[in-house]
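This is data33.txt (compact mmCIF, C-alpha atoms).
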# COMPACT_ATOMS: atom_id res chain seq x y z
CA MET E 1343 61.70 133.28 165.66
CA ILE E 1344 58.81 135.61 166.30
CA PRO E 1345 55.28 135.23 164.95
CA ALA E 1346 54.12 137.00 161.80
CA PRO E 1347 52.20 140.20 162.59
CA PHE E 1348 48.60 139.88 163.76
CA ASP E 1349 45.93 141.97 165.39
CA TYR E 1350 45.16 141.02 168.98
CA LEU E 1351 41.75 141.03 170.63
CA ALA E 1352 41.20 140.27 174.30
CA PRO E 1353 37.44 140.02 174.89
CA THR E 1354 36.16 139.81 178.46
CA THR E 1355 32.92 137.96 177.69
CA VAL E 1356 32.03 134.94 175.56
CA GLU E 1357 29.65 137.15 173.56
CA GLU E 1358 32.46 139.55 172.65
CA ALA E 1359 34.67 136.64 171.65
CA LEU E 1360 31.95 135.17 169.43
CA ALA E 1361 31.40 138.57 167.81
CA ALA E 1362 35.12 138.77 167.03
CA LEU E 1363 35.06 135.31 165.46
CA ALA E 1364 31.94 136.14 163.47
CA GLU E 1365 33.62 139.26 162.13
CA HIS E 1366 36.98 137.74 161.24
CA GLY E 1367 36.01 134.19 160.30
CA ASP E 1368 38.86 132.08 158.90
CA ASP E 1369 41.35 134.90 159.47
CA ALA E 1370 41.03 134.57 163.24
CA LYS E 1371 42.62 132.06 165.59
CA VAL E 1372 41.55 131.54 169.20
CA VAL E 1373 44.29 131.37 171.83
CA ALA E 1374 43.52 129.75 175.18
CA GLY E 1375 46.68 129.21 177.26
CA GLY E 1376 48.78 129.42 174.11
CA GLN E 1377 51.21 126.68 175.06
CA SER E 1378 50.65 124.83 171.78
CA LEU E 1379 49.61 127.79 169.63
CA LEU E 1380 52.52 130.11 170.40
CA PRO E 1381 55.17 127.64 169.18
CA VAL E 1382 53.04 127.18 166.05
CA LEU E 1383 52.91 130.94 165.51
CA ARG E 1384 56.61 131.35 166.21
CA MET E 1385 57.50 128.71 163.64
CA ARG E 1386 54.98 130.36 161.33
CA LEU E 1387 53.17 127.10 160.71
CA ASN E 1388 50.06 129.26 161.06
CA THR E 1389 49.79 132.97 160.36
CA PRO E 1390 46.37 134.22 161.48
CA GLU E 1391 45.51 137.86 160.85
CA VAL E 1392 43.69 138.12 164.17
CA VAL E 1393 44.35 136.36 167.47
CA VAL E 1394 41.39 136.24 169.86
CA ASP E 1395 42.63 135.64 173.41
CA LEU E 1396 40.16 133.97 175.79
CA GLY E 1397 42.46 134.62 178.76
CA ARG E 1398 40.45 137.52 180.13
CA ILE E 1399 37.06 135.77 180.15
CA ASP E 1400 36.69 134.88 183.83
CA SER E 1401 33.46 132.91 183.31
CA LEU E 1402 35.41 130.21 181.45
CA ARG E 1403 37.51 129.34 184.51
CA GLY E 1404 36.84 127.05 187.42
CA ILE E 1405 35.71 123.58 188.41
CA ARG E 1406 32.28 122.89 189.87
CA GLU E 1407 29.83 120.06 190.57
CA GLU E 1408 26.52 119.92 188.76
CA GLY E 1409 24.53 116.93 190.00
CA ASP E 1410 26.26 113.79 188.78
CA HIS E 1411 28.66 115.76 186.59
CA LEU E 1412 31.88 117.62 187.13
CA VAL E 1413 32.04 120.77 185.00
CA VAL E 1414 35.47 122.13 184.16
CA GLY E 1415 35.61 125.55 182.52
CA ALA E 1416 37.57 125.48 179.28
CA MET E 1417 40.10 128.06 180.50
CA THR E 1418 40.91 126.18 183.70
CA THR E 1419 44.66 125.62 183.73
CA HIS E 1420 46.32 122.22 183.87
CA HIS E 1421 47.75 123.24 187.24
CA GLU E 1422 44.25 123.91 188.56
CA VAL E 1423 42.98 120.59 187.17
CA ARG E 1424 45.77 118.49 188.65
CA THR E 1425 45.53 120.11 192.08
CA SER E 1426 41.73 120.01 192.26
CA ASP E 1427 40.25 117.77 194.96
CA LEU E 1428 37.05 117.55 192.90
CA VAL E 1429 38.94 116.19 189.88
CA ARG E 1430 40.94 113.75 192.00
CA THR E 1431 37.74 112.48 193.63
CA HIS E 1432 35.46 112.23 190.59
CA ALA E 1433 37.79 111.90 187.58
CA ALA E 1434 41.01 110.46 189.01
CA VAL E 1435 42.46 109.48 185.65
CA LEU E 1436 42.26 113.07 184.38
CA ALA E 1437 44.12 114.36 187.44
CA HIS E 1438 46.80 111.70 187.01
CA ALA E 1439 47.24 112.41 183.29
CA THR E 1440 47.45 116.14 183.92
CA ASP E 1441 50.11 115.53 186.59
CA GLN E 1442 52.29 114.11 183.82
CA LEU E 1443 51.46 116.65 181.13
CA ALA E 1444 54.43 118.67 179.83
CA ASP E 1445 56.15 120.51 182.70
CA SER E 1446 55.33 122.85 185.56
CA GLN E 1447 55.66 126.08 183.57
CA ILE E 1448 53.47 124.81 180.72
CA ARG E 1449 50.87 123.55 183.23
CA HIS E 1450 50.62 127.03 184.76
CA ARG E 1451 49.54 128.53 181.42
CA GLY E 1452 48.02 125.70 179.39
CA THR E 1453 44.32 124.94 179.72
CA LEU E 1454 42.13 121.86 179.50
CA GLY E 1455 39.88 123.44 176.89
CA GLY E 1456 42.79 124.63 174.81
CA ALA E 1457 44.39 121.20 174.80
CA LEU E 1458 41.14 119.46 173.83
CA ALA E 1459 40.35 121.98 171.08
CA HIS E 1460 43.90 121.58 169.76
CA ALA E 1461 43.27 117.80 169.51
CA ASP E 1462 46.88 116.71 169.20
CA PRO E 1463 46.59 112.90 169.01
CA ALA E 1464 49.52 112.70 171.45
CA GLY E 1465 47.85 115.11 173.91
CA ASP E 1466 47.34 113.56 177.34
CA GLN E 1467 43.80 114.54 178.27
CA GLY E 1468 41.69 113.56 175.24
CA ALA E 1469 41.82 109.84 176.03
CA CYS E 1470 40.73 110.63 179.60
CA VAL E 1471 37.65 112.67 178.75
CA LEU E 1472 36.74 110.31 175.91
CA SER E 1473 36.94 107.20 178.09
CA LEU E 1474 34.96 108.87 180.89
CA GLY E 1475 32.15 109.65 178.44
CA ALA E 1476 32.48 113.43 178.81
CA GLU E 1477 30.54 115.99 176.84
CA LEU E 1478 31.93 119.23 175.47
CA GLU E 1479 29.96 122.45 175.79
CA VAL E 1480 30.33 124.53 172.66
CA THR E 1481 28.93 128.03 172.11
CA GLY E 1482 28.48 129.70 168.76
CA PRO E 1483 26.38 132.38 167.09
CA GLY E 1484 23.32 130.09 167.28
CA GLY E 1485 23.71 129.50 171.01
CA ALA E 1486 25.12 126.63 173.04
CA ARG E 1487 25.26 122.96 172.13
CA THR E 1488 26.66 119.87 173.77
CA VAL E 1489 28.85 117.45 171.84
CA PRO E 1490 29.69 113.98 173.20
CA ALA E 1491 33.45 113.46 173.27
CA ASP E 1492 33.21 110.56 170.80
CA GLN E 1493 31.71 112.98 168.27
CA PHE E 1494 34.01 115.89 169.12
CA PHE E 1495 37.42 114.44 168.22
CA LEU E 1496 37.32 113.86 164.47
CA GLY E 1497 40.94 113.40 163.46
CA LEU E 1498 44.43 114.83 163.46
CA PHE E 1499 44.11 118.28 165.08
CA GLU E 1500 40.48 118.20 163.96
CA THR E 1501 37.37 118.61 166.11
CA ALA E 1502 33.67 119.29 165.65
CA LEU E 1503 34.31 122.89 166.71
CA GLY E 1504 33.27 125.37 164.01
CA ASP E 1505 35.39 128.40 163.08
CA ASP E 1506 32.77 130.62 164.72
CA GLU E 1507 32.46 128.53 167.90
CA ILE E 1508 34.22 128.37 171.25
CA LEU E 1509 34.65 125.41 173.57
CA THR E 1510 33.38 126.73 176.91
CA ALA E 1511 33.37 123.75 179.29
CA VAL E 1512 33.91 120.03 179.70
CA ARG E 1513 31.16 118.03 181.44
CA ILE E 1514 32.50 114.83 182.92
CA PRO E 1515 30.20 112.19 184.45
CA LYS E 1516 31.41 111.65 188.00
CA HIS E 1517 33.31 108.42 188.43
CA THR E 1518 33.33 108.64 192.21
CA GLY E 1519 34.94 105.65 193.87
CA TRP E 1520 36.64 104.55 190.66
CA GLY E 1521 40.40 104.16 190.53
CA GLY E 1522 42.18 105.99 187.73
CA HIS E 1523 45.66 105.74 186.24
CA TYR E 1524 47.36 107.21 183.17
CA GLU E 1525 50.25 105.07 181.96
CA LYS E 1526 52.45 107.21 179.76
CA PHE E 1527 55.42 105.92 177.79
CA VAL E 1528 57.85 108.67 176.84
CA ARG E 1529 61.40 109.03 175.67
CA VAL E 1530 61.92 112.40 177.36
CA VAL E 1531 59.87 113.08 180.46
CA HIS E 1532 58.19 116.37 179.54
CA GLN E 1533 57.43 115.33 175.98
CA TRP E 1534 54.38 113.86 174.30
CA PRO E 1535 53.79 110.14 174.85
CA ILE E 1536 54.82 107.58 172.26
CA VAL E 1537 51.73 105.74 173.49
CA ALA E 1538 49.70 106.27 176.64
CA VAL E 1539 46.68 104.58 178.20
CA ALA E 1540 44.00 106.15 180.39
CA ALA E 1541 42.31 103.56 182.60
CA SER E 1542 39.51 103.87 185.14
CA VAL E 1543 38.12 100.88 187.00
CA ARG E 1544 35.44 100.15 189.57
CA LEU E 1545 35.99 97.09 191.70
CA GLU E 1546 33.40 94.87 193.34
CA GLY E 1547 34.51 92.12 195.67
CA GLY E 1548 38.08 92.17 194.41
CA THR E 1549 37.27 91.86 190.72
CA ILE E 1550 36.68 94.46 188.02
CA ALA E 1551 33.00 95.39 187.74
CA GLU E 1552 33.41 98.15 185.15
CA ALA E 1553 36.31 99.64 183.22
CA ARG E 1554 36.90 102.63 180.96
CA VAL E 1555 39.98 102.67 178.76
CA GLY E 1556 41.20 105.38 176.40
CA LEU E 1557 44.26 105.35 174.14
CA THR E 1558 46.61 108.22 173.30
CA ASN E 1559 48.59 108.34 170.04
CA MET E 1560 47.22 105.07 168.67
CA GLY E 1561 45.54 106.74 165.69
CA PRO E 1562 44.82 110.16 164.21
CA THR E 1563 42.82 110.95 167.34
CA TYR E 1564 42.02 109.52 170.77
CA LEU E 1565 40.42 106.10 170.86
CA ARG E 1566 38.26 104.27 173.32
CA ALA E 1567 39.18 100.61 173.77
CA ARG E 1568 35.69 99.20 174.16
CA GLY E 1569 36.86 95.65 173.49
CA VAL E 1570 39.19 95.89 176.47
CA GLU E 1571 36.45 97.39 178.64
CA GLU E 1572 34.09 94.49 177.89
CA ALA E 1573 36.74 91.83 178.37
CA LEU E 1574 37.83 93.27 181.73
CA VAL E 1575 34.47 92.73 183.39
CA GLY E 1576 34.94 90.05 186.02
CA ALA E 1577 38.73 90.01 185.66
CA THR E 1578 41.09 89.88 188.62
CA PRO E 1579 43.13 93.10 188.68
CA THR E 1580 46.59 91.57 188.37
CA LEU E 1581 48.91 91.65 185.36
CA ASP E 1582 48.14 87.99 184.66
CA GLY E 1583 44.44 88.52 185.27
CA VAL E 1584 44.06 91.37 182.77
CA ARG E 1585 46.64 90.39 180.14
CA GLU E 1586 44.23 88.73 177.73
CA ALA E 1587 41.74 91.61 177.92
CA ALA E 1588 44.53 94.16 177.49
CA GLU E 1589 45.65 92.54 174.24
CA ARG E 1590 42.39 93.77 172.70
CA ALA E 1591 43.73 97.36 173.00
CA THR E 1592 45.00 97.10 169.43
CA GLU E 1593 41.51 96.60 167.99
CA GLY E 1594 40.54 99.38 165.62
CA THR E 1595 43.79 101.29 166.10
CA ASP E 1596 45.84 102.96 163.39
CA PRO E 1597 49.03 104.07 165.13
CA PRO E 1598 51.59 106.26 163.38
CA SER E 1599 55.15 105.25 162.56
CA ASP E 1600 57.83 107.82 163.34
CA LEU E 1601 61.31 108.17 164.80
CA ASN E 1602 60.05 107.07 168.22
CA GLY E 1603 58.70 103.77 166.97
CA ASP E 1604 56.82 102.08 164.18
CA ALA E 1605 53.17 101.11 164.22
CA ASP E 1606 53.82 97.50 165.31
CA TYR E 1607 55.92 98.69 168.23
CA ARG E 1608 53.09 101.01 169.28
CA ARG E 1609 50.59 98.14 169.08
CA HIS E 1610 52.84 96.10 171.33
CA LEU E 1611 53.07 99.03 173.75
CA ALA E 1612 49.30 99.50 173.78
CA GLY E 1613 48.75 96.00 175.17
CA VAL E 1614 51.53 96.23 177.74
CA LEU E 1615 50.59 99.71 178.92
CA THR E 1616 46.89 98.87 179.09
CA ALA E 1617 47.60 95.98 181.44
CA ARG E 1618 49.80 98.19 183.63
CA ALA E 1619 47.29 101.06 183.62
CA VAL E 1620 44.35 98.85 184.59
CA VAL E 1621 46.22 97.15 187.41
CA ALA E 1622 47.46 100.48 188.75
CA ALA E 1623 43.99 102.00 188.47
CA ALA E 1624 42.72 99.11 190.58
CA GLY E 1625 45.26 100.03 193.23
CA GLY E 1626 47.77 97.28 192.36
CA MET I 1283 50.65 148.56 168.31
CA ALA I 1284 49.06 147.80 171.64
CA ARG I 1285 49.58 149.71 174.87
CA ILE I 1286 50.48 147.56 177.86
CA THR I 1287 51.00 148.40 181.50
CA LEU I 1288 52.49 145.84 183.82
CA THR I 1289 54.71 145.54 186.85
CA VAL I 1290 58.17 144.13 186.23
CA ASP I 1291 60.43 143.45 189.21
CA GLY I 1292 58.37 145.80 191.33
CA GLU I 1293 58.31 148.72 188.91
CA GLN I 1294 55.34 149.71 186.81
CA VAL I 1295 56.09 150.06 183.11
CA THR I 1296 53.95 151.21 180.18
CA ASP I 1297 54.88 150.61 176.56
CA ASP I 1298 53.48 150.31 173.08
CA VAL I 1299 54.32 146.90 171.63
CA GLU I 1300 53.44 144.89 168.57
CA PRO I 1301 50.94 142.18 169.60
CA ARG I 1302 53.32 139.51 168.30
CA THR I 1303 56.05 140.54 170.75
CA LEU I 1304 56.97 137.65 173.02
CA LEU I 1305 57.26 138.46 176.71
CA VAL I 1306 60.92 137.41 176.71
CA HIS I 1307 61.68 139.81 173.85
CA TYR I 1308 59.82 142.58 175.63
CA LEU I 1309 61.82 142.00 178.81
CA ARG I 1310 65.16 141.88 177.03
CA GLU I 1311 64.78 144.39 174.23
CA HIS I 1312 62.34 146.97 175.59
CA LEU I 1313 63.33 146.87 179.26
CA GLY I 1314 66.96 145.74 178.92
CA LYS I 1315 66.43 142.90 181.37
CA THR I 1316 68.87 140.57 179.68
CA GLY I 1317 69.17 138.41 182.79
CA THR I 1318 66.31 136.41 181.33
CA VAL I 1319 67.80 134.48 178.43
CA ILE I 1320 66.50 132.74 175.31
CA GLY I 1321 67.72 129.18 175.10
CA CYS I 1322 65.85 126.99 172.67
CA ASP I 1323 63.10 129.03 171.06
CA THR I 1324 60.87 125.95 171.16
CA SER I 1325 59.51 126.19 174.73
CA ASN I 1326 61.52 123.17 175.79
CA CYS I 1327 64.50 124.41 177.73
CA GLY I 1328 63.04 126.70 180.40
CA ALA I 1329 65.98 129.14 180.35
CA CYS I 1330 63.53 132.03 179.87
CA THR I 1331 61.42 131.12 182.93
CA VAL I 1332 59.99 134.10 184.83
CA HIS I 1333 57.13 134.45 187.31
CA LEU I 1334 53.79 135.76 186.05
CA ASP I 1335 51.59 136.68 189.00
CA GLY I 1336 53.83 134.54 191.16
CA ARG I 1337 53.81 131.36 189.07
CA SER I 1338 56.56 130.14 186.75
CA VAL I 1339 56.01 130.45 183.01
CA LYS I 1340 58.22 130.22 179.96
CA SER I 1341 58.41 133.80 178.76
CA CYS I 1342 59.07 132.71 175.16
CA ASN I 1343 55.59 131.16 175.28
CA VAL I 1344 53.65 134.19 176.51
CA LEU I 1345 52.85 137.30 174.50
CA ALA I 1346 53.75 140.62 176.09
CA VAL I 1347 50.13 141.73 175.56
CA GLN I 1348 48.99 138.75 177.64
CA ALA I 1349 51.00 140.12 180.57
CA ASP I 1350 49.15 143.45 180.38
CA GLY I 1351 47.87 144.31 183.86
CA HIS I 1352 49.86 141.53 185.47
CA GLU I 1353 52.99 141.23 187.56
CA VAL I 1354 56.24 139.78 186.24
CA THR I 1355 59.30 138.86 188.28
CA THR I 1356 62.59 138.07 186.57
CA ILE I 1357 65.92 136.84 187.89
CA GLU I 1358 66.90 140.52 188.14
CA GLY I 1359 64.16 141.18 190.66
CA LEU I 1360 65.23 138.62 193.25
CA ALA I 1361 68.13 140.24 195.11
CA ARG I 1362 67.22 142.70 197.86
CA GLY I 1363 69.59 145.54 198.76
CA GLY I 1364 72.62 143.72 197.41
CA GLU I 1365 71.67 140.48 199.18
CA LEU I 1366 71.15 137.49 196.92
CA HIS I 1367 67.89 135.59 197.18
CA PRO I 1368 68.37 132.42 199.30
CA VAL I 1369 67.99 130.23 196.20
CA GLN I 1370 70.59 132.28 194.32
CA GLU I 1371 72.85 131.95 197.34
CA ALA I 1372 72.27 128.18 197.41
CA PHE I 1373 73.22 127.84 193.74
CA ARG I 1374 76.46 129.69 194.47
CA GLU I 1375 77.14 127.68 197.61
CA CYS I 1376 76.55 124.29 195.94
CA HIS I 1377 78.15 125.12 192.60
CA GLY I 1378 74.76 124.71 190.91
CA LEU I 1379 76.03 126.11 187.64
CA GLN I 1380 78.84 125.72 185.20
CA CYS I 1381 78.31 127.84 182.08
CA GLY I 1382 75.40 129.58 183.79
CA PHE I 1383 73.12 129.86 180.80
CA CYS I 1384 70.26 127.78 182.23
CA THR I 1385 70.70 129.30 185.70
CA PRO I 1386 68.18 132.17 185.54
CA GLY I 1387 65.45 129.74 184.52
CA MET I 1388 66.58 127.08 186.97
CA ILE I 1389 66.47 129.54 189.85
CA MET I 1390 63.06 130.96 188.90
CA GLN I 1391 61.60 127.47 188.58
CA SER I 1392 63.25 126.35 191.84
CA ILE I 1393 61.65 129.25 193.70
CA ASP I 1394 58.23 128.27 192.31
CA LEU I 1395 58.85 124.65 193.25
CA LEU I 1396 59.83 125.57 196.83
CA ALA I 1397 56.85 127.90 197.19
CA GLU I 1398 54.55 124.97 196.42
CA ASN I 1399 56.57 122.36 198.29
CA PRO I 1400 58.94 123.89 200.87
CA SER I 1401 60.50 120.55 201.85
CA PRO I 1402 60.81 118.51 198.66
CA THR I 1403 62.50 115.15 198.34
CA GLU I 1404 65.28 114.77 195.80
CA ASP I 1405 62.83 113.01 193.50
CA GLU I 1406 60.34 115.87 193.82
CA VAL I 1407 63.05 118.39 192.96
CA ARG I 1408 64.00 116.43 189.84
CA HIS I 1409 60.36 116.24 188.74
CA GLY I 1410 59.81 119.90 189.56
CA LEU I 1411 62.66 120.87 187.25
CA GLU I 1412 61.46 118.75 184.32
CA GLY I 1413 60.87 121.81 182.20
CA ASN I 1414 64.42 123.12 182.58
CA LEU I 1415 67.35 121.74 180.64
CA CYS I 1416 71.00 122.02 181.58
CA ARG I 1417 73.68 120.85 179.18
CA CYS I 1418 76.66 120.83 181.50
CA THR I 1419 76.15 120.05 185.19
CA GLY I 1420 74.36 116.74 184.85
CA TYR I 1421 71.80 118.29 187.22
CA HIS I 1422 73.29 116.85 190.42
CA ASN I 1423 74.55 120.14 191.79
CA ILE I 1424 71.38 121.94 190.70
CA VAL I 1425 69.30 119.45 192.67
CA ARG I 1426 71.70 119.80 195.63
CA SER I 1427 71.30 123.58 195.44
CA VAL I 1428 67.52 123.37 195.65
CA LEU I 1429 67.66 120.92 198.55
CA HIS I 1430 70.20 123.19 200.26
CA ALA I 1431 67.90 126.18 199.81
CA ALA I 1432 65.00 124.16 201.22
CA GLY I 1433 67.07 123.20 204.24
CA GLY I 1434 68.11 126.77 204.76
CA ALA I 1435 64.52 127.91 204.70
CA GLN I 1436 63.44 125.49 207.40
Could you write out this structure as structure tokens?
Amino acid sequence: MIPAPFDYLAPTTVEEALAALAEHGDDAKVVAGGQSLLPVLRMRLNTPEVVVDLGRIDSLRGIREEGDHLVVGAMTTHHEVRTSDLVRTHAAVLAHATDQLADSQIRHRGTLGGALAHADPAGDQGACVLSLGAELEVTGPGGARTVPADQFFLGLFETALGDDEILTAVRIPKHTGWGGHYEKFVRVVHQWPIVAVAASVRLEGGTIAEARVGLTNMGPTYLRARGVEEALVGATPTLDGVREAAERATEGTDPPSDLNGDADYRRHLAGVLTARAVVAAAGG
Amino acid sequence: MARITLTVDGEQVTDDVEPRTLLVHYLREHLGKTGTVIGCDTSNCGACTVHLDGRSVKSCNVLAVQADGHEVTTIEGLARGGELHPVQEAFRECHGLQCGFCTPGMIMQSIDLLAENPSPTEDEVRHGLEGNLCRCTGYHNIVRSVLHAAGGAQ
């Protein structure tokens, strides 16, 4: 299959890209790395008249520190994220999740911003940035705005991003000294998770002082397991020590049922994987 | 139509293409480089893997216009003066193929893997080839081929 015909624009600045979106409105579709969009275009699930490629906008690439935040440009590739010392040091769970995302070839092209804007509920990075309390930098015709991750992901493939806006960067509060682990349960290794859990923990004196837990594919979008986070405070980071807290991972979830498993099976997985993720994040 | 200029297997080419043209179709149908094959059409199988600016990509998942100004290497650009690339040689030596359909992609991905990690463990080879499917060898000889190539390079 090949995509339906479209016009192609490759702006080199954010301003040019915004102008293209303003001109073409609903008829335009933004492509970042294209690793999710191109299959969609090939299967003709979407037939935009104009494709606006962000791939030639250099200012959207790169990872830098800004005070107590890590700022990842939206067009930074998965490969760059997973091999970044800054990400490993300050957002370990994101590096670990990106290690397990798709396969090597996809990671060379796919981007963090593209994946987050796509908002596939089974995507690996949304639960990481949500649980770390990240903010998304969005630029539109009215200028730039910052959207907290818990207000950015609205539902199935749905975000707060307007048709005339572009996601430019992800601002992640540094979690320096925290352990991070992404526990992904898959049927085929390079596929999307049936359920996955993003856990970050900070230890004090051998017990859990703080925890951040995000869930993948447990609802129409990524979820933060705040009940688990609260219950983990003071827990010993062993499977027995965290089991009761991990059971709260099902609170507020609405997992899908499909060929890989029904909703009850996913709820079961959420508890088991949360316990494993937390213990591994704590270095166990 | 869009005009693109890129380097493919060391030669500069310029063509007018429809923006919807996939890189793999451009390579096969415009340039006749049929060594790069189309396996699954869903970006799963990795048979169409080529190098874009030195890194492996699935050429069914890149538009030809996105490769404008860049450098592409296909399986056809590996041999030098009639000498197979060491990874091609290793696949031959270790019987790393049966029907051969996945082989172009396997070799391109293996070269990328070895460039990043010249002395991989067996486990690292298996993980590095996650994006490439083979339906006949059971992978064992493919993994052996990559390890053999790594040994040969040391």
Give one line per residue of chain E that approaches chain I to at most 6 Å, naming the two atoms of the closest pair and their distance in Å to one decimal, counting all atoms listed in the file; sort by chain then ascending residue number and deliver it as a tab-separated table.
residue	atom	partner	partner_atom	distance
E:Pro1345	CA	I:Arg1302	CA	5.8
E:Pro1347	CA	I:Arg1302	CA	5.9
E:Tyr1350	CA	I:Pro1301	CA	5.9
E:Leu1380	CA	I:Asn1343	CA	5.9
E:Asp1445	CA	I:Gly1413	CA	4.9
E:Gln1447	CA	I:Val1339	CA	4.4
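Here CA of Asp1505 in chain E stands at a distance of 20.6 Å from CA of Pro1562 in chain E.
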Worksheet item: Within 7 Å of Ile1424 in chain I, counting all atoms listed in the file, which residues qualify if same-chain residues fewer than 2 places away don't, as a VMD selection string?
Response: chain I and resid 1373 1378 to 1379 1421 to 1422 1426 to 1428
Worksheet entry | Contacts of Gln1380 in chain I within 8 Å, all atoms listed in the file, excl. fewer than 3 positions in-chain, as JSON, numbers by chain | {"I": [1377, 1418, 1419]}
Discussion item. For range 1472-1488 of chain E, find every residue with an atom within 7 Å (counting all atoms listed in the file), except residues of its own chain fewer than 5 positions away, and show them as a list of chain:residue names.
Written reply: E:Leu1360, E:Asp1506, E:Glu1507, E:Ile1508, E:Leu1509, E:Thr1510, E:Ala1511, E:Val1512, E:Arg1513, E:Ile1514, E:Pro1515, E:Arg1554, E:Val1555, E:Gly1556, E:Arg1566
Discussion item. Please return as a list of chain:residue names every residue within 12 Å of (49.3, 141.1, 185.1), taking into account only C-alpha atoms and the file's own coordinates.
Written reply: E:Gly1397, E:Arg1398, I:Ile1286, I:Thr1287, I:Leu1288, I:Thr1289, I:Val1290, I:Gly1292, I:Gln1294, I:Val1295, I:Leu1305, I:His1333, I:Leu1334, I:Asp1335, I:Gly1336, I:Arg1337, I:Val1344, I:Leu1345, I:Ala1346, I:Val1347, I:Gln1348, I:Ala1349, I:Asp1350, I:Gly1351, I:His1352, I:Glu1353, I:Val1354, I:Thr1355
Item to complete: Please identify all polymer residues within 8 Å of His1432 in chain E, counting all atoms listed in the file, omitting same-chain residues fewer than 3 positions from it, and present them as number ranges by chain.
Response: E: 1412, 1428-1429, 1516-1520
Writing out the chosen residues with C-alpha atoms as a short mmCIF file (atom, residue, chain, number, x, y, z; two decimals), in the coordinates of the input:
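Output file result_4.cif is given in full below:
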data_model
loop_
_atom_site.label_atom_id
_atom_site.label_comp_id
_atom_site.auth_asym_id
_atom_site.auth_seq_id
_atom_site.Cartn_x
_atom_site.Cartn_y
_atom_site.Cartn_z
CA LEU E 1412 31.88 117.62 187.13
CA LEU E 1428 37.05 117.55 192.90
CA VAL E 1429 38.94 116.19 189.88
CA LYS E 1516 31.41 111.65 188.00
CA HIS E 1517 33.31 108.42 188.43
CA THR E 1518 33.33 108.64 192.21
CA GLY E 1519 34.94 105.65 193.87
CA TRP E 1520 36.64 104.55 190.66
#
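Comparing the minimum interatomic distances between Arg1384 in chain E and each of E:Gln1442, E:His1366, E:Ile1344, E:Ala1591, counting all atoms listed in the file, we find that E:Ile1344 sits nearest.
Straight-line separation from CA of Arg1608 in chain E to CA of Thr1501 in chain E: 23.8 Å.
Nearest residue to Cys1327 in chain I among I:Gly1359, I:Phe1383, I:His1312, I:Glu1375 is I:Phe1383, counting all atoms listed in the file.
Picture a line from CA of Thr1616 in chain E to CA of Ala1588 in chain E; it runs 5.5 Å.
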Residue neighbourhood Val1319 in chain I, 9 Å, only C-alpha atoms, exclusion window fewer than 2 positions, as a PDB file with C-alpha atoms, in the frame of the given file:
ATOM      1  CA  VAL I1306      60.920 137.410 176.710  1.00  0.00           C
ATOM      2  CA  ARG I1310      65.160 141.880 177.030  1.00  0.00           C
ATOM      3  CA  THR I1316      68.870 140.570 179.680  1.00  0.00           C
ATOM      4  CA  GLY I1317      69.170 138.410 182.790  1.00  0.00           C
ATOM      5  CA  GLY I1321      67.720 129.180 175.100  1.00  0.00           C
ATOM      6  CA  ALA I1329      65.980 129.140 180.350  1.00  0.00           C
ATOM      7  CA  CYS I1330      63.530 132.030 179.870  1.00  0.00           C
ATOM      8  CA  THR I1331      61.420 131.120 182.930  1.00  0.00           C
ATOM      9  CA  PHE I1383      73.120 129.860 180.800  1.00  0.00           C
ATOM     10  CA  CYS I1384      70.260 127.780 182.230  1.00  0.00           C
ATOM     11  CA  PRO I1386      68.180 132.170 185.540  1.00  0.00           C
ATOM     12  CA  GLY I1387      65.450 129.740 184.520  1.00  0.00           C
TER      13      GLY I1387
END
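Among the candidates E:Gly1455, E:Val1584, E:Thr1558, E:Leu1387, the one nearest to Val1528 in chain E when counting only C-alpha atoms is E:Thr1558.
Shortest separation to Ile1448 in chain E among E:Gly1626, E:His1420, E:Leu1436, E:Ala1551 occurs at residue E:His1420, atoms counted being only C-alpha atoms.
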Discussion item. Every residue with an atom at most 6 Å from (41.9, 127.9, 181.2) (file coordinates; all atoms listed in the file) is what I'm after, so could you write them as a ChimeraX atom specification?
Written reply: /E:1403,1416-1419,1453
